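Peer 1: Sending over a structure as structure tokens; questions will come in a sec.
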Amino acid sequence: MTTAPAVEVVLYHLSDQHEDVLAAYHEASRRMAGTPGLLGNQLMTELGRPDSFVVISHWATWADFETWEGGAAHKDQTAPLREFRDTGRSRPFEVYQVLASY
């Protein structure tokens, strides 16, 4: 068993503009570099559905995520991706607590 991040945040995005989503992801990631508790993130696309994207961010603790989310920098850091959020969902994000991993 390995140590896993305590929190995984999944943000859903929807767009036919693949290159724009990729550029926005890179810009948001640059803006978030060095954020305390952020262990990393990744952009994925759904196989067979090239307009569907998710960004998963990995956080060391729930407290780290809450501090960042409630902070002044949060909105500016994530602004590049905001226009691509999947607003067809009841919520464009989910937050998961890691219970176990290998």
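Residues in the structure tokens are numbered from 1 in each chain, the chains being A, B, ... in the order shown, and ligands are numbered from 1 in the order shown.
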Looking only at strand (DSSP E) from DSSP on the backbone, list the matching residues of chain A as number ranges by chain.
Peer 2: A: 7-14, 38-46, 49-59, 93-97
Peer 1: Mind checking which residues fall within 12 Å of Ala28 of chain A, counting only C-alpha atoms, ignoring those fewer than 4 positions away in the same chain, and posting them as a list in words?
Peer 2: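 Counting only the stated atoms, we get Val21, Leu22, Ala23, Ala24, Met32, Ala33, Thr35, Gly40, Asn41, Gln42, Leu43, Val55, Ser57, Ala73, His74, Lys75, Asp76, Gln77, Thr78, Ala79, Pro80, Leu81 and Arg82 of chain A.
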Peer 1: Name all residues at most 8 Å from Leu11 of chain A (count only C-alpha atoms; drop same-chain ones fewer than 4 positions away) and give them as a ChimeraX atom specification.
Peer 2: /A:54-56,85,92-94
Peer 1: Under the rule that only C-alpha atoms are counted, which of A:Ala100, A:Gly71, A:Arg91, A:Tyr25 is the nearest residue to Met44 of chain A?
Peer 2: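 Checking each candidate against Met44 of chain A, we get A:Tyr25 as the closest.
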Peer 1: Between atom CA of Ser29 of chain A and atom CA of Phe84 of chain A, what is the spacing in Å?
Peer 2: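 Atom CA of Phe84 of chain A sits 15.1 Å away from atom CA of Ser29 of chain A.
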Peer 1: What's around Phe53 of chain A at 8 Å? Count only C-alpha atoms, leave out sequence neighbours fewer than 6 positions away in its own chain, and write the answer as an mmCIF file with C-alpha atoms, in the first residue's frame.
Peer 2:
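Result went into selection_26.cif, see below:
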```
data_model
loop_
_atom_site.group_PDB
_atom_site.id
_atom_site.type_symbol
_atom_site.label_atom_id
_atom_site.label_comp_id
_atom_site.auth_asym_id
_atom_site.auth_seq_id
_atom_site.Cartn_x
_atom_site.Cartn_y
_atom_site.Cartn_z
ATOM 1 C CA TYR A 12 -15.761 18.517 -15.763
ATOM 2 C CA HIS A 13 -15.339 20.478 -18.995
ATOM 3 C CA LEU A 14 -17.100 20.329 -22.336
ATOM 4 C CA SER A 15 -15.849 21.927 -25.566
ATOM 5 C CA LEU A 43 -6.098 16.813 -17.946
ATOM 6 C CA MET A 44 -7.894 13.847 -19.476
ATOM 7 C CA THR A 45 -10.355 13.402 -22.311
ATOM 8 C CA GLU A 46 -13.028 10.741 -22.533
#
```
Peer 1: Where does DSSP see alpha helix (DSSP H) in chain A, if you list the residues as a ChimeraX atom specification?
Peer 2: /A:18-32,62-70,73-82
Peer 1: What would the file look like if the residues just selected were written as a short mmCIF file (atom, residue, chain, number, x, y, z; two decimals), in the first residue's frame with N, CA and C atoms?
Peer 2:
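See out.cif below for the written result:
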```
data_model
loop_
_atom_site.label_atom_id
_atom_site.label_comp_id
_atom_site.auth_asym_id
_atom_site.auth_seq_id
_atom_site.Cartn_x
_atom_site.Cartn_y
_atom_site.Cartn_z
N HIS A 18 -10.57 21.73 -28.70
CA HIS A 18 -9.55 20.91 -28.01
C HIS A 18 -8.28 21.70 -27.69
N GLU A 19 -7.75 22.40 -28.68
CA GLU A 19 -6.50 23.15 -28.47
C GLU A 19 -6.68 24.27 -27.46
N ASP A 20 -7.85 24.91 -27.44
CA ASP A 20 -8.11 25.99 -26.48
C ASP A 20 -8.20 25.45 -25.06
N VAL A 21 -8.83 24.30 -24.90
CA VAL A 21 -8.90 23.67 -23.58
C VAL A 21 -7.49 23.31 -23.11
N LEU A 22 -6.69 22.73 -23.98
CA LEU A 22 -5.32 22.37 -23.64
C LEU A 22 -4.50 23.59 -23.23
N ALA A 23 -4.61 24.67 -23.99
CA ALA A 23 -3.88 25.91 -23.66
C ALA A 23 -4.36 26.48 -22.32
N ALA A 24 -5.66 26.47 -22.09
CA ALA A 24 -6.20 26.98 -20.83
C ALA A 24 -5.75 26.12 -19.65
N TYR A 25 -5.70 24.81 -19.84
CA TYR A 25 -5.21 23.91 -18.79
C TYR A 25 -3.75 24.24 -18.44
N HIS A 26 -2.92 24.41 -19.44
CA HIS A 26 -1.51 24.72 -19.18
C HIS A 26 -1.36 26.06 -18.46
N GLU A 27 -2.14 27.05 -18.86
CA GLU A 27 -2.08 28.36 -18.21
C GLU A 27 -2.54 28.27 -16.75
N ALA A 28 -3.65 27.59 -16.51
CA ALA A 28 -4.14 27.44 -15.13
C ALA A 28 -3.12 26.67 -14.29
N SER A 29 -2.50 25.66 -14.86
CA SER A 29 -1.50 24.88 -14.13
C SER A 29 -0.28 25.73 -13.78
N ARG A 30 0.14 26.58 -14.70
CA ARG A 30 1.26 27.49 -14.41
C ARG A 30 0.89 28.43 -13.27
N ARG A 31 -0.34 28.95 -13.30
CA ARG A 31 -0.77 29.87 -12.25
C ARG A 31 -0.85 29.18 -10.88
N MET A 32 -1.13 27.90 -10.88
CA MET A 32 -1.28 27.17 -9.61
C MET A 32 0.04 26.58 -9.10
N TRP A 62 -7.30 17.77 3.03
CA TRP A 62 -8.54 18.52 2.86
C TRP A 62 -8.33 19.97 3.27
N ALA A 63 -7.60 20.18 4.34
CA ALA A 63 -7.34 21.55 4.83
C ALA A 63 -6.59 22.36 3.77
N ASP A 64 -5.62 21.75 3.07
CA ASP A 64 -4.89 22.45 2.01
C ASP A 64 -5.85 22.89 0.90
N PHE A 65 -6.73 21.97 0.49
CA PHE A 65 -7.69 22.30 -0.55
C PHE A 65 -8.63 23.40 -0.11
N GLU A 66 -9.17 23.31 1.09
CA GLU A 66 -10.09 24.32 1.61
C GLU A 66 -9.43 25.70 1.71
N THR A 67 -8.20 25.72 2.16
CA THR A 67 -7.47 26.99 2.26
C THR A 67 -7.31 27.62 0.89
N TRP A 68 -6.90 26.82 -0.08
CA TRP A 68 -6.74 27.35 -1.43
C TRP A 68 -8.07 27.80 -2.02
N GLU A 69 -9.10 26.97 -1.90
CA GLU A 69 -10.40 27.28 -2.48
C GLU A 69 -10.99 28.56 -1.88
N GLY A 70 -10.76 28.79 -0.61
CA GLY A 70 -11.27 29.98 0.05
C GLY A 70 -10.40 31.20 -0.10
N ALA A 73 -6.56 33.96 -4.42
CA ALA A 73 -5.93 33.58 -5.69
C ALA A 73 -6.73 32.54 -6.48
N HIS A 74 -7.59 31.82 -5.82
CA HIS A 74 -8.32 30.70 -6.43
C HIS A 74 -8.99 31.06 -7.75
N LYS A 75 -9.79 32.10 -7.76
CA LYS A 75 -10.56 32.47 -8.96
C LYS A 75 -9.65 32.86 -10.12
N ASP A 76 -8.59 33.62 -9.84
CA ASP A 76 -7.67 34.03 -10.90
C ASP A 76 -6.89 32.83 -11.45
N GLN A 77 -6.49 31.92 -10.58
CA GLN A 77 -5.71 30.78 -11.02
C GLN A 77 -6.50 29.86 -11.94
N THR A 78 -7.78 29.71 -11.68
CA THR A 78 -8.60 28.78 -12.47
C THR A 78 -9.36 29.47 -13.60
N ALA A 79 -9.24 30.77 -13.72
CA ALA A 79 -9.98 31.54 -14.73
C ALA A 79 -9.81 31.03 -16.17
N PRO A 80 -8.62 30.61 -16.59
CA PRO A 80 -8.48 30.20 -17.99
C PRO A 80 -9.41 29.04 -18.39
N LEU A 81 -9.73 28.16 -17.46
CA LEU A 81 -10.57 27.00 -17.79
C LEU A 81 -12.06 27.25 -17.57
N ARG A 82 -12.41 28.31 -16.88
CA ARG A 82 -13.80 28.51 -16.46
C ARG A 82 -14.79 28.48 -17.62
#
```
Peer 1: Just to confirm, what's the straight-line distance from atom CA of Leu38 of chain A to atom CA of Ala60 of chain A in Å (one decimal)?
Peer 2: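 If I compute the distance from atom CA of Leu38 of chain A to atom CA of Ala60 of chain A, I get 6.4 Å.
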